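Colleague: What follows is the file my_file16.txt, containing compact mmCIF, C-alpha atoms and all ligand atoms:
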```
# COMPACT_ATOMS: atom_id res chain seq x y z
CA MET A 1 30.93 10.98 89.21
CA ASN A 2 32.21 8.03 87.22
CA ALA A 3 28.77 7.53 85.69
CA ILE A 4 28.71 11.18 84.54
CA LYS A 5 32.22 10.80 83.02
CA LEU A 6 31.17 7.61 81.25
CA GLU A 7 28.07 9.30 79.86
CA MET A 8 30.16 12.24 78.59
CA ASN A 9 32.62 9.86 76.93
CA ASN A 10 29.73 8.02 75.26
CA LYS A 11 28.27 11.31 74.08
CA GLN A 12 31.67 12.37 72.61
CA THR A 13 32.08 8.99 70.87
CA ASN A 14 28.56 9.28 69.47
CA ASP A 15 29.31 12.80 68.24
CA ILE A 16 32.50 11.59 66.50
CA ILE A 17 30.69 8.60 64.90
CA CYS A 18 27.85 10.87 63.79
CA LYS A 19 30.26 13.44 62.31
CA SER A 20 32.32 10.87 60.41
CA PHE A 21 29.08 9.22 59.18
CA CYS A 22 27.80 12.58 57.93
CA LEU A 23 31.11 13.48 56.28
CA LYS A 24 31.45 10.06 54.64
CA ASN A 25 27.93 10.22 53.25
CA ILE A 26 27.63 13.85 52.27
CA TRP A 27 28.10 12.83 48.61
CA ILE A 28 24.61 11.32 48.55
CA LEU A 29 23.11 14.75 49.33
CA PHE A 30 24.97 16.36 46.43
CA ILE A 31 23.90 13.66 43.98
CA ILE A 32 20.28 13.78 45.14
CA ILE A 33 19.97 17.57 44.68
CA LEU A 34 19.77 17.25 40.88
CA PRO A 35 16.89 14.71 40.59
CA LEU A 36 15.15 16.35 43.54
CA SER A 37 15.14 19.72 41.76
CA GLY A 38 13.65 17.89 38.74
CA ILE A 39 10.73 16.71 40.87
CA ILE A 40 10.17 20.21 42.26
CA ILE A 41 10.42 21.96 38.86
CA GLY A 42 8.22 19.37 37.14
CA PHE A 43 5.59 19.62 39.87
CA ILE A 44 5.47 23.45 40.10
CA PHE A 45 5.27 23.89 36.31
CA ARG A 46 3.30 20.72 35.58
CA ASN A 47 0.81 22.59 33.34
CA ASP A 48 3.23 25.08 31.86
CA CYS A 49 4.66 23.23 28.87
CA PRO A 50 1.86 22.86 26.29
CA LEU A 51 4.45 22.26 23.55
CA GLU A 52 5.12 18.82 25.10
CA LYS A 53 3.08 18.10 28.20
CA TYR A 54 5.15 15.00 28.99
CA ILE A 55 8.31 17.00 29.80
CA PRO A 56 7.25 18.00 33.37
CA LEU A 57 5.98 14.46 33.93
CA TRP A 58 9.30 13.10 32.66
CA GLU A 59 11.16 15.28 35.18
CA ILE A 60 8.99 14.14 38.11
CA ILE A 61 9.24 10.40 37.35
CA ASN A 62 12.92 10.59 36.44
CA GLY A 63 13.59 12.37 39.74
CA PHE A 64 11.70 9.80 41.82
CA ILE A 65 13.24 6.72 40.23
CA THR A 66 16.78 8.17 40.28
CA ILE A 67 16.47 8.97 43.98
CA ILE A 68 15.19 5.47 44.77
CA PHE A 69 18.11 4.02 42.79
CA LEU A 70 20.64 6.20 44.62
CA LEU A 71 19.14 5.26 47.98
CA LEU A 72 19.46 1.56 47.11
CA ILE A 73 23.15 2.09 46.30
CA PHE A 74 23.55 3.99 49.56
CA ILE A 75 21.83 1.25 51.57
CA THR A 76 23.98 -1.46 49.96
CA LYS A 77 27.18 0.47 50.68
CA GLN A 78 26.18 1.46 54.19
CA PHE A 79 24.62 -1.67 55.60
CA PHE A 80 25.63 -4.62 53.41
CA HIS A 81 29.37 -4.06 53.01
CA GLU A 82 30.18 -6.87 55.46
CA ILE A 83 30.31 -10.23 53.70
CA GLN A 84 28.07 -11.94 56.34
CA TYR A 85 25.14 -9.70 55.32
CA ARG A 86 25.32 -10.87 51.71
CA ASN A 87 22.14 -12.92 51.81
CA TRP A 88 18.82 -12.93 50.02
CA SER A 89 18.08 -9.26 50.89
CA ILE A 90 21.13 -8.09 48.95
CA PHE A 91 20.02 -10.33 46.09
CA ILE A 92 16.60 -8.64 46.00
CA ILE A 93 18.18 -5.17 46.16
CA ASP A 94 20.54 -6.10 43.28
CA GLN A 95 17.60 -7.29 41.14
CA LEU A 96 15.69 -4.11 41.96
CA LYS A 97 18.69 -2.00 40.95
CA ILE A 98 18.90 -3.80 37.58
CA LEU A 99 15.16 -3.20 37.04
CA LEU A 100 15.52 0.50 37.87
CA ILE A 101 18.56 0.88 35.56
CA PHE A 102 16.52 -0.70 32.78
CA PHE A 103 13.59 1.63 33.45
CA LEU A 104 15.85 4.71 33.66
CA PHE A 105 17.43 3.73 30.36
CA LEU A 106 14.01 3.53 28.62
CA TRP A 107 12.89 6.73 30.34
CA PHE A 108 16.12 8.42 29.18
CA ILE A 109 15.22 7.52 25.56
CA CYS A 110 11.68 8.89 26.04
CA GLY A 111 13.13 12.11 27.50
CA ASN A 112 15.44 12.50 24.50
CA ILE A 113 12.51 12.15 22.10
CA TRP A 114 10.23 14.57 23.98
CA VAL A 115 12.93 17.21 24.57
CA TYR A 116 15.23 17.22 21.52
CA LYS A 117 12.30 17.04 19.07
CA TYR A 118 11.44 20.68 19.86
CA TYR A 119 14.78 22.32 20.57
CA ARG A 120 14.74 24.34 17.29
CA ILE A 121 11.20 25.70 17.68
CA VAL A 122 10.64 26.06 21.42
CA LYS A 123 9.69 29.60 22.54
CA TYR A 124 9.72 30.78 26.15
CA ASP A 125 7.79 34.07 25.86
CA LYS A 126 4.00 33.73 25.84
CA GLN A 127 3.38 37.46 25.15
CA ILE A 128 5.43 37.52 21.93
CA LEU A 129 3.65 34.38 20.73
CA LEU A 130 0.25 35.91 21.44
CA SER A 131 1.14 39.20 19.71
CA ASN A 132 2.33 37.22 16.64
CA LYS A 133 -0.98 35.31 16.71
CA LYS A 134 0.80 31.97 16.99
CA THR A 135 -0.78 29.21 18.98
CA ILE A 136 0.79 28.70 22.36
CA GLU A 137 0.26 24.92 22.15
CA ASN A 138 2.60 24.66 19.17
CA PHE A 139 5.54 26.65 20.51
CA TYR A 140 5.44 27.48 24.22
CA CYS A 141 7.22 25.75 27.09
CA ASN A 142 8.26 27.27 30.39
CA LYS A 143 11.97 28.15 30.15
CA ILE A 144 12.97 26.51 33.47
CA VAL A 145 11.12 23.25 32.64
CA TYR A 146 12.56 22.96 29.15
CA LEU A 147 16.13 23.99 29.97
CA TYR A 148 16.28 21.76 33.05
CA ALA A 149 15.30 18.70 31.00
CA PHE A 150 17.60 19.71 28.12
CA CYS A 151 20.65 20.21 30.36
CA TYR A 152 19.90 17.07 32.42
CA LEU A 153 19.79 14.87 29.33
CA SER A 154 22.86 16.50 27.76
CA ARG A 155 24.97 16.29 30.90
CA LYS A 156 25.19 12.46 30.93
CA MET A 157 28.88 11.67 30.92
CA VAL A 158 30.28 8.96 28.76
CA VAL A 159 33.62 7.50 29.85
CA THR A 160 36.09 6.91 27.03
CA TYR A 161 38.65 4.12 27.33
CA VAL A 162 41.69 5.33 25.42
CA THR A 163 44.02 2.68 24.02
CA GLY A 164 45.77 1.77 20.82
CA ASN A 165 45.68 -1.95 21.70
CA LYS A 166 42.68 -3.95 20.37
CA ASN A 167 43.32 -6.97 22.63
CA LYS A 168 43.23 -4.79 25.73
CA LEU A 169 40.00 -3.22 24.54
CA VAL A 170 38.29 -6.61 24.06
CA GLU A 171 39.22 -7.68 27.61
CA VAL A 172 38.17 -4.38 29.19
CA GLN A 173 34.80 -4.46 27.40
CA ALA A 174 34.19 -8.03 28.56
CA ILE A 175 35.11 -7.29 32.18
CA LEU A 176 33.31 -3.92 32.46
CA ALA A 177 30.22 -4.76 30.38
CA ASP A 178 27.75 -4.77 33.29
CA ALA A 179 29.43 -2.08 35.39
CA LEU A 180 29.94 0.59 32.72
CA PRO A 181 27.55 -0.07 29.85
CA ASN A 182 28.16 3.35 28.27
CA LEU A 183 31.93 2.91 28.01
CA ARG A 184 33.16 3.88 24.58
CA SER A 185 36.67 3.57 23.22
CA GLN A 186 39.05 5.65 21.23
CA ASP A 187 42.26 4.66 19.52
CA LEU A 188 44.71 7.45 20.33
CA ASP A 189 48.43 7.11 19.98
CA LEU A 190 49.62 8.33 23.38
CA PRO A 191 53.35 8.61 24.14
CA GLU A 192 54.96 5.77 26.16
CA TYR A 193 56.31 7.63 29.19
CA GLN A 194 59.20 6.45 31.36
CA GLY A 195 59.22 6.06 35.14
CA GLU A 196 57.21 4.16 37.71
CA PRO A 197 54.00 2.50 36.40
CA GLU A 198 51.69 4.81 38.42
CA GLN A 199 53.39 7.96 37.17
CA ILE A 200 53.35 6.66 33.58
CA THR A 201 49.61 5.96 33.78
CA LYS A 202 48.85 9.32 35.39
CA GLY A 203 50.79 11.09 32.61
CA LYS A 204 48.83 9.14 29.97
CA ALA A 205 45.53 9.96 31.72
CA ILE A 206 46.14 13.72 31.87
CA LEU A 207 47.02 13.82 28.17
CA ALA A 208 44.06 11.62 27.17
CA ALA A 209 41.59 13.76 29.18
CA GLN A 210 42.91 16.87 27.39
CA ARG A 211 42.61 15.29 23.95
CA ILE A 212 39.14 13.79 24.58
CA ASN A 213 37.98 16.78 26.65
CA GLY A 214 35.91 14.56 28.96
CA PRO A 215 36.09 11.63 31.38
CA ILE A 216 38.58 8.94 30.35
CA LEU A 217 40.08 5.65 31.45
CA VAL A 218 43.59 4.63 30.42
CA GLU A 219 45.74 1.72 31.43
CA ASP A 220 49.38 0.76 31.47
CA THR A 221 50.42 -2.86 31.79
CA SER A 222 53.83 -4.04 32.91
CA LEU A 223 55.56 -7.39 33.44
CA HIS A 224 58.02 -7.60 36.33
CA PHE A 225 60.66 -10.35 36.72
CA ASN A 226 61.50 -10.79 40.41
CA ALA A 227 65.07 -11.98 39.70
CA LEU A 228 65.65 -8.72 37.78
CA HIS A 229 64.26 -6.55 40.60
CA GLY A 230 61.08 -5.79 38.68
CA LEU A 231 62.52 -5.19 35.21
CA PRO A 232 61.50 -5.02 32.36
CA GLY A 233 58.36 -3.66 34.14
CA PRO A 234 56.76 -0.86 32.11
CA TYR A 235 59.36 -1.34 29.36
CA ILE A 236 58.03 -4.81 28.51
CA LYS A 237 56.57 -3.57 25.23
CA TRP A 238 60.03 -2.78 23.82
CA PHE A 239 61.66 -5.89 25.33
CA LEU A 240 58.95 -8.08 23.82
CA ASP A 241 59.28 -6.28 20.50
CA LYS A 242 63.07 -6.70 20.30
CA LEU A 243 63.65 -10.03 22.08
CA GLY A 244 60.43 -11.98 21.52
CA HIS A 245 59.17 -14.72 23.87
CA ASP A 246 62.37 -16.70 23.56
CA GLY A 247 64.60 -13.76 24.35
CA LEU A 248 62.54 -12.90 27.44
CA ASN A 249 63.03 -16.47 28.71
CA LYS A 250 66.78 -16.22 28.05
CA LEU A 251 66.96 -13.08 30.20
CA LEU A 252 66.23 -15.35 33.17
CA ALA A 253 68.50 -18.22 32.06
CA ALA A 254 71.14 -17.38 34.66
CA TYR A 255 68.61 -17.32 37.53
CA ASP A 256 66.75 -20.08 39.36
CA ASP A 257 63.99 -17.67 40.25
CA LYS A 258 61.56 -17.53 37.32
CA THR A 259 58.78 -15.83 39.28
CA ALA A 260 57.22 -12.66 37.96
CA TYR A 261 54.07 -10.60 38.26
CA ALA A 262 51.86 -8.91 35.74
CA GLN A 263 50.65 -5.50 36.80
CA CYS A 264 47.92 -3.32 35.44
CA VAL A 265 47.45 0.29 36.50
CA PHE A 266 44.21 1.93 35.42
CA ALA A 267 43.75 5.67 35.73
CA PHE A 268 40.45 7.51 35.65
CA CYS A 269 40.44 11.22 34.94
CA ALA A 270 37.09 13.06 35.06
CA GLY A 271 38.23 15.77 32.62
CA PRO A 272 41.06 18.08 31.57
CA SER A 273 41.05 20.08 34.81
CA HIS A 274 40.88 17.03 37.12
CA GLN A 275 43.55 14.94 38.82
CA PRO A 276 43.71 11.27 37.75
CA ILE A 277 43.01 8.49 40.25
CA THR A 278 44.87 5.19 39.86
CA PHE A 279 43.82 1.57 40.53
CA THR A 280 46.50 -1.13 40.63
CA GLY A 281 45.96 -4.86 40.13
CA ARG A 282 48.62 -7.58 40.22
CA CYS A 283 48.71 -11.21 39.17
CA PRO A 284 51.64 -13.34 40.42
CA GLY A 285 53.04 -16.13 38.24
CA ARG A 286 56.19 -17.30 36.46
CA ILE A 287 57.93 -17.00 33.11
CA VAL A 288 57.91 -20.21 31.06
CA PRO A 289 58.81 -21.20 27.46
CA ALA A 290 55.99 -20.07 25.15
CA ARG A 291 52.83 -22.25 25.14
CA GLY A 292 49.46 -21.56 23.51
CA PRO A 293 48.35 -19.28 20.67
CA ASN A 294 50.45 -16.20 20.08
CA THR A 295 47.65 -13.66 19.84
CA PHE A 296 48.20 -11.25 22.70
CA GLY A 297 51.54 -9.84 23.87
CA TRP A 298 53.40 -11.97 26.41
CA ASP A 299 50.39 -14.21 27.24
CA PRO A 300 52.17 -17.41 25.97
CA ILE A 301 55.11 -17.05 28.42
CA PHE A 302 53.20 -16.01 31.55
CA GLN A 303 51.85 -18.82 33.72
CA PRO A 304 49.77 -17.37 36.60
CA ASP A 305 49.97 -19.01 40.04
CA ASN A 306 46.98 -20.92 41.35
CA GLU A 307 44.92 -19.82 44.37
CA GLN A 308 47.37 -21.51 46.75
CA GLY A 309 50.24 -19.42 45.35
CA GLN A 310 51.84 -22.41 43.60
CA ALA A 311 52.69 -22.72 39.91
CA GLY A 312 49.48 -22.93 37.88
CA GLU A 313 49.00 -25.32 34.97
CA LYS A 314 48.26 -23.10 32.01
CA THR A 315 49.74 -19.97 30.52
CA PHE A 316 47.38 -17.03 29.92
CA ALA A 317 47.46 -17.92 26.21
CA GLU A 318 46.31 -21.51 26.89
CA MET A 319 43.45 -20.44 29.14
CA ASP A 320 39.90 -19.79 28.15
CA LYS A 321 39.43 -16.00 27.86
CA THR A 322 36.72 -15.96 30.53
CA ILE A 323 39.09 -17.65 33.01
CA LYS A 324 41.87 -15.18 32.23
CA ASN A 325 39.39 -12.33 32.74
CA GLN A 326 38.54 -13.65 36.20
CA ILE A 327 42.07 -13.80 37.56
CA SER A 328 44.19 -11.44 35.48
CA HIS A 329 46.04 -8.31 36.57
CA ARG A 330 43.53 -6.38 34.39
CA SER A 331 40.43 -7.80 36.09
CA ARG A 332 41.89 -7.15 39.55
CA SER A 333 42.56 -3.54 38.69
CA LEU A 334 39.13 -3.20 37.04
CA GLN A 335 37.45 -4.54 40.18
CA LEU A 336 38.76 -1.44 41.96
CA VAL A 337 37.54 0.71 39.07
CA LYS A 338 34.08 -0.90 39.41
CA ASP A 339 34.04 -0.17 43.15
CA TYR A 340 34.85 3.45 42.35
CA PHE A 341 32.04 3.74 39.79
CA ASP A 342 29.65 2.14 42.27
CA LYS A 343 30.22 5.20 44.43
CA HIS A 344 29.97 7.56 41.45
CA PRO A 345 26.83 6.55 39.55
CA GLU A 346 26.89 9.81 37.55
CA TYR A 347 29.33 8.10 35.15
CA VAL A 348 27.31 4.93 34.93
CA SER A 349 23.61 5.70 34.64
O1 LIG B 1 47.75 2.28 23.80
P1 LIG B 1 48.08 1.51 25.03
O2 LIG B 1 46.88 1.27 25.89
O3 LIG B 1 49.24 2.05 25.81
O4 LIG B 1 48.47 0.05 24.49
P2 LIG B 1 49.87 -0.70 24.55
O5 LIG B 1 49.83 -1.84 23.60
O6 LIG B 1 51.00 0.27 24.44
O7 LIG B 1 49.78 -1.32 25.99
P3 LIG B 1 50.73 -1.26 27.29
O8 LIG B 1 51.74 -0.20 27.13
O9 LIG B 1 49.85 -1.18 28.49
O10 LIG B 1 51.27 -2.74 27.28
C1 LIG B 1 52.63 -3.11 27.36
C2 LIG B 1 52.84 -4.38 26.60
O11 LIG B 1 52.20 -5.45 27.27
C3 LIG B 1 51.33 -6.16 26.38
N1 LIG B 1 50.15 -6.54 27.16
C4 LIG B 1 49.30 -5.72 27.81
N2 LIG B 1 48.37 -6.44 28.46
C5 LIG B 1 48.64 -7.74 28.24
C6 LIG B 1 48.03 -8.96 28.64
O12 LIG B 1 46.96 -8.99 29.42
N3 LIG B 1 48.56 -10.11 28.19
C7 LIG B 1 49.64 -10.11 27.41
N4 LIG B 1 50.27 -9.00 26.98
C8 LIG B 1 49.78 -7.82 27.39
C9 LIG B 1 51.01 -5.17 25.28
O13 LIG B 1 50.70 -5.87 24.07
C10 LIG B 1 52.29 -4.39 25.18
O14 LIG B 1 53.22 -5.08 24.38
MG MG B 2 51.35 1.74 25.78
```
Mind turning this structure into structure tokens?
Modeller:
Amino acid sequence: MNAIKLEMNNKQTNDIICKSFCLKNIWILFIIILPLSGIIIGFIFRNDCPLEKYIPLWEIINGFITIIFLLLIFITKQFFHEIQYRNWSIFIIDQLKILLIFFLFLWFICGNIWVYKYYRIVKYDKQILLSNKKTIENFYCNKIVYLYAFCYLSRKMVVTYVTGNKNKLVEVQAILADALPNLRSQDLDLPEYQGEPEQITKGKAILAAQRINGPILVEDTSLHFNALHGLPGPYIKWFLDKLGHDGLNKLLAAYDDKTAYAQCVFAFCAGPSHQPITFTGRCPGRIVPARGPNTFGWDPIFQPDNEQGQAGEKTFAEMDKTIKNQISHRSRSLQLVKDYFDKHPEYVS
């Protein structure tokens, strides 16, 4: 009796695990449908595009390589997420992924040449061509084959990082270079909202997605003094503008507690009709009299803590840029953005 009960329990647990596995991984099926249909279309109509015989071949190879790439991402996420599995096998998979990205990039260029070259002259009706005594080889391509390739190449989404701050742009480009190579930027003057940092960033993101009419990233950075219960927070831009580095130090003159944290909230919005998703990164530290070059905001008065949580030695302004980009509030937030794009390769490849 007990054995039967135990078996039933095991079966139920297995069912639950299986269901949650399927639900968690259903995204892979959706993403694979597109390249898979390319393989099928390219194969069925492999001899039906005399205008450019490479287009069906392009669809088949593009489909195969994209699916292999997606499966590698899936395998990494599914089986190598635990740190103890990060050994040589993950290294080989990472190298393979880089190779495939490189190939897909070159193949993408080839596809653009083969497809866009003919978009003004392509004809889909063989009968009309024959009755006009035009040669099929010079004009005809099967409608499904041509339009599939045309739409596939045109659908690639480019994420736009919207900011009016050049220093922020330089850091974001440096940190995201390998994760989001097709990130472009746009200088738009967005309003500075009031409220909690997350709400401010979401408001910025919705407006930016409407103005750009596509996928965007925006960011709002704040500096929080613990003795002042988090102020100036998102209002740091105005405080810095009016009081300068010296004035910000004087705000804390009456307090022993000089600790603070820098916070960066990134928001990604896939388009005007989508809801933004936020990613928050924090860097703890303390406010000190200005040291180092005065090139970026409050960098000279913010001294980040070391790994042990004690006062560090250098202010952000005194640090080498690459060191700042490894520990900053911005890089911590962008790490979460990278993780998100790892799961959504449609914005990356
Ligand atoms: O167009 P956006 O992206 O909003 O650009 P912004 O300059 O208004 O940027 P924020 O509102 O996010 O930044 C608030 C203030 O903090 C400054 N700031 C942002 N990131 C910083 C960093 O990493 N180090 C020092 N100062 C920074 C920035 O120059 C502003 O004065
Ligand atoms: Mg701003």
Colleague: Using Å and a single decimal, report how far atom CA of Phe296 of chain A sits from atom CA of Tyr235 of chain A.
Modeller: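 Atom CA of Phe296 of chain A lies at a distance of 16.3 Å from atom CA of Tyr235 of chain A.
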Colleague: Quick one: residues within 12 Å of segment 122-136 of chain A, all atoms listed in the file counted, chain neighbours fewer than 4 positions away excluded, as a list in words?
Modeller: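 The neighbour list is Asp48, Cys49, Pro50, Leu51, Glu52, Trp114, Val115, Tyr116, Lys117, Tyr118, Tyr140, Cys141, Asn142, Lys143, Ile144, Val145, Tyr146, Leu147 and Phe150 of chain A.
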Colleague: Quick one, how far is atom O4 of ligand LIG 1 (chain B) from atom CA of Gly233 of chain A?
Modeller: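 According to the coordinates, atom O4 of ligand LIG 1 (chain B) and atom CA of Gly233 of chain A are separated by 14.3 Å.
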Colleague: When you count all atoms listed in the file, which of these residues is closest to Ala205 of chain A: A:Asp187, A:His274, A:Thr259, A:Leu231?
Modeller: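 With all atoms listed in the file as the atom set, the closest residue is A:His274.
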Colleague: Just how far from atom CA of Thr322 of chain A is atom CA of Ala267 of chain A, in Å to one decimal?
Modeller: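 These two atoms are separated by 23.3 Å.
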Colleague: Check which residues fall inside 9 Å of ligand MG 2 (chain B) when counting all atoms listed in the file, and print them as a PyMOL selection string.
Modeller: chain A and resi 163-165+189-193+204+219-221+234+237
Colleague: For ligand LIG 1 (chain B), which residue among A:Thr280, A:Gln210, A:Thr201, A:Asn112 is the nearest when counting all atoms listed in the file?
Modeller: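 Distance minimum relative to ligand LIG 1 (chain B) lands on A:Thr201.
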Colleague: Restricting the calculation to all atoms listed in the file: of A:Ala317, A:Ala149, A:Leu248, A:Ala311, which residue gets closest to Arg291 of chain A?
Modeller: A:Ala317
Colleague: Up to 7 Å from (36.0, -2.2, 23.7) in the file's coordinates: name the residues, counting all atoms listed in the file, as a list in words.
Modeller: Leu169, Val170, Val172, Gln173, Arg184 and Ser185 of chain A
Colleague: Measuring atom to atom with all atoms listed in the file, identify which of A:His229, A:Lys321, A:Lys53, A:Lys77 is nearest to ligand LIG 1 (chain B).
Modeller: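 Among the listed residues, the smallest separation from ligand LIG 1 (chain B) belongs to A:Lys321.
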Colleague: With a distance cut-off of 12 Å and all atoms listed in the file, select the neighbouring residues of Leu104 of chain A, excluding the residue or stretch itself and same-chain residues fewer than 6 positions from it, and output the selection as JSON, numbers by chain.
Modeller: {"A": [58, 59, 61, 62, 63, 64, 65, 66, 67, 68, 69, 97, 98, 110, 111, 153, 348, 349]}
